[in-house]
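Here is the structure we will look at.
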Amino acid sequence: MAESKRDYYEVLGVGKDADDAALKKAYRQVAKKYHPDMNPGDAEAEKKFKEASEAYAVLSDPEKRRQYDQFGHAAFEGGAGGAGGFGGFDFSGADFSDIFGDIFGDLFGGGARRGRSQGPMKGMNVRKSVRVTFEEAVFGCEKELDVVLKDPCPKCNGTGAKPGTSPETCPKCGGKGQVVYTQQSFFGTVQNVQTCPQCGGTGKIIREKCSDCQGTGYVSNRKKIAVTIPAGIDNGQSIRIREKGEPGSNGGPRGDLLVEVSVSRHPIFQRQDMHIFSTVPISFAQAALGADVKIKTVDGEVLYTVKPGTKTDTKVRLKGKGVPSVRNSQVRGDHYVTLVIQTPEKLSAEAKEALRRFDELSGNSLNSAGAGNGTSTGKKRKGFMGKMKEAFDE
């Protein structure tokens, strides 16, 4: 009776908010565990398998799930059966094909749902890495890589067979590269297509192998491949070179060569996206009086005019002196410079005296009257720049 049935969500071990993928995954696990072919003669396993199949048939159907969520098992009492399902339950509309493809694949020891395609297949991609300097990444460059790739064996022309012989059609699959296994289940006859175990999906059997390639049809060769590093490439980005990877099969194209770029650190510059950052030290006099200073950029030195009264950690922008866009080398980022005032560590006697004189003119000398309390010596205080110029002009 309906009252004796377990909750469908409980049967599958999922919550009521489970999506289609979660339902399918849960049902696959339960069905595989309790499938009668995996538990021959076990009536309890057969019962749980039927219970799980019924639960999945309802919950995988949006309309049936809506009815079940609203009315429970009562939604399917009195007229829901009769379509060939277990216990009078209607399994029409539920798609079990891909799930039972997995289960029967395991039963036959293959585990694969589909056989290997015999059409043209692209070869495997090859991955390599290359290191470039900071400047090479900014402006682009050319690099040459040593890559070991497979080529068709010249001795057997890629057939893998000893010269004078030819590969034979696989007797097990008839040259198709796939075999079909048929299994009887509660849902009728289920067919599972798998890669032929005898020929490995090639459809051919090589009786006498080529001595150079050992029957593979390929030999490895070391090649030098030129790689164009585009201007603006960043650390960790990759360059794809079409059809420079491993050869394809059945007339398929070669795979690609994927080159990952590593950019070396720079002693002065740091990069963020298309912008460059650096720090430039300036003297106290340059900051106070203003001066022209040389700033290093990736384009060479540029002359920048420091404004009088510049404070330490002032940031300036050098427009268009950053990194080019990797998509458009005519578009460049900016170079941001932080100006840092340096305090001199070693001073001559003359320099020390000049600084003392400046300190006195500023009214901050410890030897002046009122020192320590910020009071004036009685003289009219001059502006900071006036005092600075006076101190260095004497």
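Following the order of the structure tokens, first chain is A, next is B, and so on, with residues numbered from 1 inside each chain and ligands from 1 in the order they appear.
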Problem set entry | Residues near Cys141 in chain A, cut-off 9 Å, only C-alpha atoms, skip fewer than 4 positions along chain, as an NGL selection string | :A and (132 or 136-137 or 227-231)
Exercise. Ser60 in chain A: which residues within 8 Å, counting only C-alpha atoms, same-chain residues fewer than 4 positions away excluded, as a PyMOL selection string?
Worked result: chain A and resi 20+23-24+56+65+94
Just want the 6 Å neighbourhood of range 305-317 of chain A, counted on only C-alpha atoms, with same-chain residues fewer than 4 positions away dropped. Output as a short mmCIF file (atom, residue, chain, number, x, y, z; two decimals) with N, CA and C atoms, in the first residue's frame.
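Output contents, as saved in out.cif:
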data_model
loop_
_atom_site.label_atom_id
_atom_site.label_comp_id
_atom_site.auth_asym_id
_atom_site.auth_seq_id
_atom_site.Cartn_x
_atom_site.Cartn_y
_atom_site.Cartn_z
N ALA A 287 63.43 67.81 -3.49
CA ALA A 287 62.03 67.84 -3.12
C ALA A 287 61.60 69.25 -2.70
N ALA A 288 62.48 69.95 -1.96
CA ALA A 288 62.13 71.27 -1.44
C ALA A 288 62.20 72.35 -2.50
N LEU A 289 63.25 72.32 -3.31
CA LEU A 289 63.48 73.38 -4.28
C LEU A 289 62.92 73.08 -5.66
N GLY A 290 62.66 71.79 -5.92
CA GLY A 290 62.28 71.38 -7.26
C GLY A 290 63.51 71.10 -8.09
N ALA A 291 63.40 70.19 -9.02
CA ALA A 291 64.55 69.83 -9.85
C ALA A 291 64.11 68.93 -10.99
N ASP A 292 64.98 68.81 -12.00
CA ASP A 292 64.76 67.84 -13.07
C ASP A 292 65.49 66.55 -12.70
N HIS A 335 53.09 54.29 -16.70
CA HIS A 335 54.14 54.01 -15.73
C HIS A 335 53.92 54.93 -14.53
N TYR A 336 53.71 54.33 -13.37
CA TYR A 336 53.48 55.10 -12.15
C TYR A 336 54.74 55.08 -11.28
N VAL A 337 55.21 56.28 -10.92
CA VAL A 337 56.46 56.41 -10.16
C VAL A 337 56.16 57.01 -8.79
N THR A 338 56.72 56.39 -7.76
CA THR A 338 56.62 56.92 -6.40
C THR A 338 57.93 57.62 -6.06
N LEU A 339 57.85 58.93 -5.76
CA LEU A 339 59.04 59.71 -5.39
C LEU A 339 59.24 59.63 -3.89
N VAL A 340 60.41 59.14 -3.50
CA VAL A 340 60.72 58.95 -2.08
C VAL A 340 61.91 59.81 -1.70
N ILE A 341 61.73 60.68 -0.70
CA ILE A 341 62.82 61.54 -0.24
C ILE A 341 63.77 60.73 0.62
#
Exercise. Given the choices A:Ala45, A:Ala55, A:Leu258, A:Ile225, which gets closest to Arg240 in chain A if the distance is worked out from only C-alpha atoms?
Worked result: A:Leu258
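Residue nearest Asn157 in chain A, chosen from A:Ala21, A:Ala285, A:Val219, A:Ile239 and counting only C-alpha atoms: A:Val219.
For the pair CA of Tyr8 in chain A and CA of Leu59 in chain A, the separation is 7.7 Å.
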Seminar exercise, completed: Closest of A:Val298, A:Ala351, A:Ala22, A:Ile241 to Glu260 in chain A, counting only C-alpha atoms, is A:Ile241
For this session: Find the spatial neighbours of Asp299 in chain A, counting only C-alpha atoms, within a cut-off of 10 Å - ignore same-chain residues fewer than 6 positions away - and output them as a count of residues only.
Result: 4
For this session: Grab the CA of Gly201 in chain A to CA of Gly175 in chain A distance for me, in Å with one decimal place.
Result: 8.6 Å
